[in-house]
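Source file: start.tsv (TSV, C-alpha atoms)
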```tsv
chain	number	residue	atom	x	y	z
A	288	SER	CA	-10.48	10.64	48.38
A	289	VAL	CA	-10.82	7.76	50.83
A	290	GLY	CA	-14.34	7.41	52.23
A	291	THR	CA	-15.77	10.48	50.53
A	292	VAL	CA	-18.88	10.61	48.33
A	293	PRO	CA	-20.21	13.59	46.34
A	294	ARG	CA	-23.40	15.30	47.51
A	295	THR	CA	-22.81	14.31	51.13
A	296	GLU	CA	-20.41	15.38	53.86
A	297	LYS	CA	-20.32	11.92	55.42
A	298	VAL	CA	-16.94	10.17	55.38
A	299	TYR	CA	-17.14	6.37	55.38
A	300	SER	CA	-14.70	4.35	57.46
A	301	ASN	CA	-15.81	0.98	56.03
A	302	LEU	CA	-14.72	0.25	52.48
A	303	ARG	CA	-17.71	-1.87	51.48
A	304	LYS	CA	-20.18	0.72	52.75
A	305	TRP	CA	-18.20	3.39	50.90
A	306	ILE	CA	-18.39	1.43	47.62
A	307	GLN	CA	-22.12	0.95	48.13
A	308	ALA	CA	-22.59	4.68	48.72
A	309	LEU	CA	-20.58	5.55	45.57
A	310	ASN	CA	-22.70	3.18	43.49
A	311	GLU	CA	-25.89	4.65	44.92
A	312	PHE	CA	-24.62	8.14	44.10
A	313	ALA	CA	-23.91	7.12	40.50
A	314	GLU	CA	-27.32	5.46	40.11
A	315	GLN	CA	-29.06	8.54	41.50
A	316	GLU	CA	-27.19	10.81	39.09
A	317	VAL	CA	-28.09	8.65	36.09
A	318	THR	CA	-31.74	8.43	37.14
A	319	GLU	CA	-32.00	12.20	37.55
A	320	TRP	CA	-30.24	12.78	34.23
A	321	GLN	CA	-32.68	10.47	32.44
A	322	ARG	CA	-35.57	12.57	33.76
A	323	SER	CA	-33.97	15.86	32.79
A	324	PRO	CA	-30.71	15.62	30.76
A	325	THR	CA	-30.18	19.38	30.61
A	326	GLU	CA	-30.47	19.93	34.35
A	327	HIS	CA	-28.98	16.87	36.08
A	328	GLY	CA	-25.96	14.58	36.02
A	329	LYS	CA	-23.45	17.37	36.64
A	330	TYR	CA	-22.12	15.84	39.87
A	331	LEU	CA	-21.29	12.54	38.18
A	332	ILE	CA	-19.64	14.37	35.27
A	333	ASN	CA	-17.63	16.46	37.70
A	334	TYR	CA	-16.55	13.35	39.65
A	335	GLN	CA	-14.63	11.94	36.67
A	336	MET	CA	-13.00	15.18	35.52
A	337	PRO	CA	-9.44	16.37	36.33
A	338	GLY	CA	-9.64	18.15	39.67
A	339	GLY	CA	-13.31	17.25	40.00
A	340	PHE	CA	-14.93	16.96	43.42
A	341	ASP	CA	-12.08	19.06	44.83
A	342	GLY	CA	-9.58	16.39	43.76
A	343	LYS	CA	-11.25	13.66	45.84
A	344	SER	CA	-12.31	11.45	42.94
A	345	VAL	CA	-11.20	7.82	42.73
A	346	VAL	CA	-11.90	7.85	38.98
A	347	TYR	CA	-9.44	10.52	37.88
A	348	ALA	CA	-6.55	9.78	40.22
A	349	ASN	CA	-2.98	8.54	39.88
A	350	TRP	CA	0.03	7.06	41.70
A	351	TRP	CA	2.50	9.70	40.52
A	352	LYS	CA	4.92	11.04	43.07
A	353	PRO	CA	4.21	14.78	43.56
A	354	GLY	CA	6.86	16.96	41.96
A	355	SER	CA	8.47	14.18	39.92
A	356	SER	CA	8.20	12.81	36.42
A	357	PRO	CA	4.67	11.51	35.77
A	358	PHE	CA	6.09	8.02	35.33
A	359	PHE	CA	7.63	7.83	38.80
A	360	PRO	CA	5.39	6.21	41.44
A	361	ARG	CA	4.70	7.23	45.01
A	362	SER	CA	4.45	5.14	48.17
A	363	ILE	CA	1.09	4.11	49.60
A	364	PRO	CA	0.05	6.76	52.15
A	365	GLU	CA	-0.27	5.43	55.69
A	366	SER	CA	-3.90	6.55	55.94
A	367	VAL	CA	-4.80	4.65	52.76
A	368	ALA	CA	-2.94	1.54	53.89
A	369	ALA	CA	-4.71	1.59	57.25
A	370	PHE	CA	-8.11	2.05	55.59
A	371	LEU	CA	-7.53	-0.92	53.27
A	372	ALA	CA	-6.12	-3.12	56.03
A	373	ASP	CA	-9.12	-2.43	58.27
A	374	SER	CA	-11.34	-3.70	55.44
A	375	ASN	CA	-9.12	-6.77	54.89
A	376	ILE	CA	-8.09	-5.61	51.41
A	377	LYS	CA	-4.65	-6.81	50.30
A	378	ASN	CA	-4.57	-6.17	46.54
A	379	VAL	CA	-5.59	-3.04	44.63
A	380	ILE	CA	-5.52	-3.05	40.81
A	381	THR	CA	-5.80	0.37	39.18
A	382	GLY	CA	-5.72	2.00	35.76
A	383	HIS	CA	-5.10	5.74	35.36
A	384	ALA	CA	-2.49	7.14	35.10
A	385	PRO	CA	0.50	6.07	32.90
A	386	LEU	CA	3.54	4.55	34.63
A	387	GLY	CA	5.70	3.21	31.79
A	388	ASP	CA	5.57	0.15	29.54
A	389	SER	CA	4.62	-2.37	32.23
A	390	PRO	CA	2.43	-2.50	35.33
A	391	THR	CA	4.09	-0.90	38.33
A	392	VAL	CA	4.04	-2.61	41.72
A	393	ILE	CA	3.77	-0.56	44.92
A	394	ARG	CA	4.03	-2.39	48.24
A	395	HIS	CA	3.25	-1.55	51.85
A	396	ASP	CA	4.95	-4.26	53.90
A	397	LEU	CA	3.63	-3.48	57.36
A	398	LYS	CA	0.03	-3.73	56.15
A	399	ASP	CA	0.79	-6.43	53.53
A	400	ILE	CA	-0.89	-4.40	50.78
A	401	THR	CA	-0.01	-4.47	47.09
A	402	VAL	CA	-1.02	-1.88	44.50
A	403	VAL	CA	-0.59	-2.75	40.82
A	404	ALA	CA	-0.92	0.31	38.57
A	405	CYS	CA	-1.61	-1.00	35.05
A	406	ASP	CA	-1.93	2.06	32.79
A	407	THR	CA	0.58	1.67	29.94
A	408	SER	CA	-0.79	4.42	27.67
A	409	TYR	CA	2.65	5.88	26.91
A	410	SER	CA	4.72	2.70	26.68
A	411	ASP	CA	6.59	3.75	23.54
A	412	ARG	CA	6.53	7.46	22.70
A	413	LEU	CA	7.92	6.82	19.20
A	414	ALA	CA	5.29	4.23	18.20
A	415	PRO	CA	2.24	5.47	16.23
A	416	ASP	CA	-0.12	4.22	18.95
A	417	LYS	CA	2.25	5.28	21.79
A	418	ARG	CA	2.31	1.65	23.00
A	419	GLY	CA	4.43	-0.27	20.50
A	420	GLU	CA	4.94	-3.92	21.45
A	421	ALA	CA	4.05	-3.40	25.11
A	422	ILE	CA	1.16	-5.50	26.37
A	423	SER	CA	0.37	-6.73	29.85
A	424	GLU	CA	-2.25	-8.45	31.96
A	425	ALA	CA	-2.70	-8.47	35.72
A	426	LEU	CA	-4.54	-11.46	37.18
A	427	VAL	CA	-5.76	-11.96	40.74
A	428	VAL	CA	-5.34	-15.68	41.48
A	429	LEU	CA	-7.57	-17.00	44.26
A	430	THR	CA	-6.86	-20.19	46.21
A	431	ALA	CA	-8.90	-21.72	49.04
A	432	GLN	CA	-6.99	-23.09	52.01
A	433	ASP	CA	-8.26	-24.14	55.45
A	434	GLY	CA	-11.53	-22.34	54.91
A	435	HIS	CA	-9.85	-19.09	53.86
A	436	VAL	CA	-9.39	-17.57	50.43
A	437	GLU	CA	-5.91	-16.30	49.64
A	438	SER	CA	-5.11	-14.04	46.70
A	439	ARG	CA	-1.93	-13.47	44.72
A	440	VAL	CA	-1.33	-11.15	41.78
A	441	ARG	CA	0.24	-12.52	38.61
A	442	ILE	CA	1.53	-10.09	35.96
A	443	HIS	CA	2.57	-11.20	32.50
A	444	GLY	CA	3.17	-9.64	29.10
A	445	SER	CA	6.01	-7.93	27.24
A	446	LEU	CA	7.85	-4.61	27.43
A	447	CYS	CA	8.00	-2.18	24.50
A	448	ASN	CA	11.32	-3.77	23.47
A	449	GLY	CA	9.65	-7.18	23.20
A	450	GLN	CA	11.11	-8.65	26.40
A	451	GLU	CA	8.56	-11.00	27.97
A	452	PHE	CA	7.81	-11.32	31.69
A	453	ASP	CA	5.60	-13.55	33.82
A	454	THR	CA	5.75	-13.15	37.57
A	455	TYR	CA	3.81	-13.39	40.81
A	456	VAL	CA	4.17	-10.11	42.68
A	457	VAL	CA	4.99	-11.14	46.24
A	458	ASP	CA	7.00	-14.22	45.28
A	459	SER	CA	9.29	-12.68	42.67
A	460	ILE	CA	11.65	-10.09	44.22
A	461	PRO	CA	12.04	-9.38	47.97
A	462	PHE	CA	12.36	-5.62	47.38
A	463	LEU	CA	9.62	-5.29	44.77
A	464	GLY	CA	7.41	-2.20	44.89
A	465	ARG	CA	9.82	0.01	46.81
A	466	PRO	CA	12.25	2.87	46.11
A	467	SER	CA	15.87	1.83	45.71
A	468	LYS	CA	19.12	3.29	47.01
A	469	SER	CA	21.07	1.18	44.53
A	470	PRO	CA	20.49	2.00	41.75
A	471	PRO	CA	20.09	5.45	43.38
A	472	GLY	CA	16.77	7.23	42.97
A	473	GLY	CA	15.05	4.26	41.38
A	474	TRP	CA	11.83	2.33	41.87
A	475	ILE	CA	11.77	-1.48	41.77
A	476	LYS	CA	8.65	-1.81	39.67
A	477	LEU	CA	8.46	-5.34	38.25
A	478	GLY	CA	9.95	-8.81	38.51
A	479	LEU	CA	11.40	-10.12	35.23
A	480	GLY	CA	12.34	-13.64	36.30
A	481	ASN	CA	15.67	-15.36	37.04
A	482	GLY	CA	16.32	-12.98	39.94
A	483	ASN	CA	16.09	-9.88	37.76
A	484	CYS	CA	13.78	-6.91	38.15
A	485	LEU	CA	12.89	-3.77	36.26
A	486	VAL	CA	14.00	-0.54	37.94
A	487	CYS	CA	12.74	2.82	36.68
A	488	MET	CA	14.51	6.14	37.22
A	489	VAL	CA	13.73	9.74	36.34
A	490	PRO	CA	16.36	11.38	34.09
A	491	LYS	CA	17.97	14.54	35.45
A	492	ASN	CA	17.02	16.57	32.39
A	493	PRO	CA	13.97	14.93	30.81
A	494	LYS	CA	13.34	15.89	27.20
A	495	HIS	CA	9.59	15.48	27.52
A	496	PRO	CA	7.09	15.08	30.41
A	497	PHE	CA	6.76	11.31	30.06
A	498	GLU	CA	10.44	10.42	29.71
A	499	ILE	CA	11.66	7.66	32.01
A	500	HIS	CA	14.79	5.52	32.17
A	501	GLN	CA	14.62	1.90	33.21
A	502	LYS	CA	16.93	-1.11	33.29
A	503	SER	CA	17.06	-4.73	34.36
A	504	VAL	CA	18.93	-5.23	37.65
A	505	HIS	CA	19.73	-8.49	39.43
A	506	VAL	CA	18.43	-8.72	43.00
A	507	SER	CA	22.01	-9.15	44.29
A	508	ASN	CA	22.76	-5.59	43.10
A	509	LEU	CA	19.73	-3.97	44.76
A	510	ALA	CA	19.69	-1.93	47.93
A	511	ILE	CA	16.74	-0.18	49.59
```

Let me see whether you can do it: turn the structure in this file into structure tokens.
Amino acid sequence: SVGTVPRTEKVYSNLRKWIQALNEFAEQEVTEWQRSPTEHGKYLINYQMPGGFDGKSVVYANWWKPGSSPFFPRSIPESVAAFLADSNIKNVITGHAPLGDSPTVIRHDLKDITVVACDTSYSDRLAPDKRGEAISEALVVLTAQDGHVESRVRIHGSLCNGQEFDTYVVDSIPFLGRPSKSPPGGWIKLGLGNGNCLVCMVPKNPKHPFEIHQKSVHVSNLAI
């Protein structure tokens, strides 16, 4: 998906120019659709559909690990990390697709990049609205220092069981946003405070596509 825009074969290497080109594409589609609704707008519609634009859309995308439960995240690909780093981007906040009852942190240490995936659509499968008590907010906090602007991501809210959390991503847990060896096969997805973090794991025999197991683990018991 990185650098690609529908209706052109050009691949952008600069993020800001890429965003500008995507916006221009969307504006062109809307303008053409307004002139002739029955004949135009199909490229923009296709761009936001599952599998649209040959799977290169940034609208209908996700951070699911291929071949795993939908709730289990994947690492940031090296090509994506390099693209973001070259454009001096350190924080990426995304929606789609669901990753449990709290935002999920994904870190790339070498490039100092943080992804926070915030879709909590299936927080509580048994609740009428599929969310239950889960609610969360991700905030990008900007501070100016020595002529430079620094950004940190704060996440706060509550899990579907009512447990509250309020944490700054990079400052909370040293291993945050990474797969874990202990607990085995887990992902360290969120800091809970007091040295604890939320680790999610895929059950061996899931009863439904969105089933996930998670538990609070103290940082002293983590291994990556």

Using all atoms listed in the file, find each residue of range 403-460 of chain A with at least one atom at most 9 Å away from an atom of range 467-482 of chain A; report its shortest atom-to-atom pair and that distance in Å (one decimal), sort the rows by chain and rising residue number, and return the result as a tab-separated table.
```
residue	atom	partner	partner_atom	distance
A:Ile442	CA	A:Leu477	CA	8.7
A:Gln450	CA	A:Leu479	CA	9.0
A:Glu451	CA	A:Leu479	CA	7.8
A:Phe452	CA	A:Leu479	CA	5.2
A:Asp453	CA	A:Leu479	CA	6.9
A:Thr454	CA	A:Gly478	CA	6.1
A:Tyr455	CA	A:Gly478	CA	8.0
A:Val456	CA	A:Gly478	CA	7.2
A:Ser459	CA	A:Gly478	CA	5.7
A:Ile460	CA	A:Gly478	CA	6.1
```

One decimal, Å: what's the distance from CA of Gln321 in chain A over to CA of Ala308 in chain A, could you say?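 Taking CA of Gln321 in chain A and CA of Ala308 in chain A, their separation equals 20.0 Å.
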
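The neighbours of Leu386 in chain A here are the residues that come within 8 Å of it, using all atoms listed in the file and leaving out any residue fewer than 4 positions away in the same chain; they are Trp351, Pro357, Phe358, Phe359, Pro360, Pro390, Thr391, Ala404, Cys405, Asp406, Thr407 and Tyr409 of chain A.
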
Once you have the residues from the selection above, write them out as a CSV table (one decimal), in the frame of the given file, restricted to C-alpha atoms.
```
chain,number,residue,atom,x,y,z
A,351,TRP,CA,2.5,9.7,40.5
A,357,PRO,CA,4.7,11.5,35.8
A,358,PHE,CA,6.1,8.0,35.3
A,359,PHE,CA,7.6,7.8,38.8
A,360,PRO,CA,5.4,6.2,41.4
A,390,PRO,CA,2.4,-2.5,35.3
A,391,THR,CA,4.1,-0.9,38.3
A,404,ALA,CA,-0.9,0.3,38.6
A,405,CYS,CA,-1.6,-1.0,35.0
A,406,ASP,CA,-1.9,2.1,32.8
A,407,THR,CA,0.6,1.7,29.9
A,409,TYR,CA,2.6,5.9,26.9
```

Distance query range 412-423 of chain A at most 7 Å, all atoms listed in the file, self and fewer than 3 positions along chain excluded, as a PyMOL selection string: chain A and resi 388-389+408-409+443-449

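For the pair CA of Ser507 in chain A and CA of Leu463 in chain A, the interatomic distance is 13.0 Å.
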
Can you tell me, as an MDAnalysis selection string, what residues are no more than 10 Å from Ala372 in chain A when counting all atoms listed in the file, ignoring any on the same chain fewer than 2 positions away? chainID A and resid 302 366:370 374:377 397:400

What does the distance between CA of Asn301 in chain A and CA of Pro337 in chain A come to in Å, to one decimal place?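 According to the coordinates, CA of Asn301 in chain A and CA of Pro337 in chain A are separated by 25.8 Å.
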
Near Gly290 in chain A, counting only C-alpha atoms, which residues have an atom at most 6 Å away, once you skip same-chain residues fewer than 3 positions from it, shown as a list of chain:residue names?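 Once the adjacent positions are removed, what remains is A:Val298, A:Tyr299, A:Trp305.
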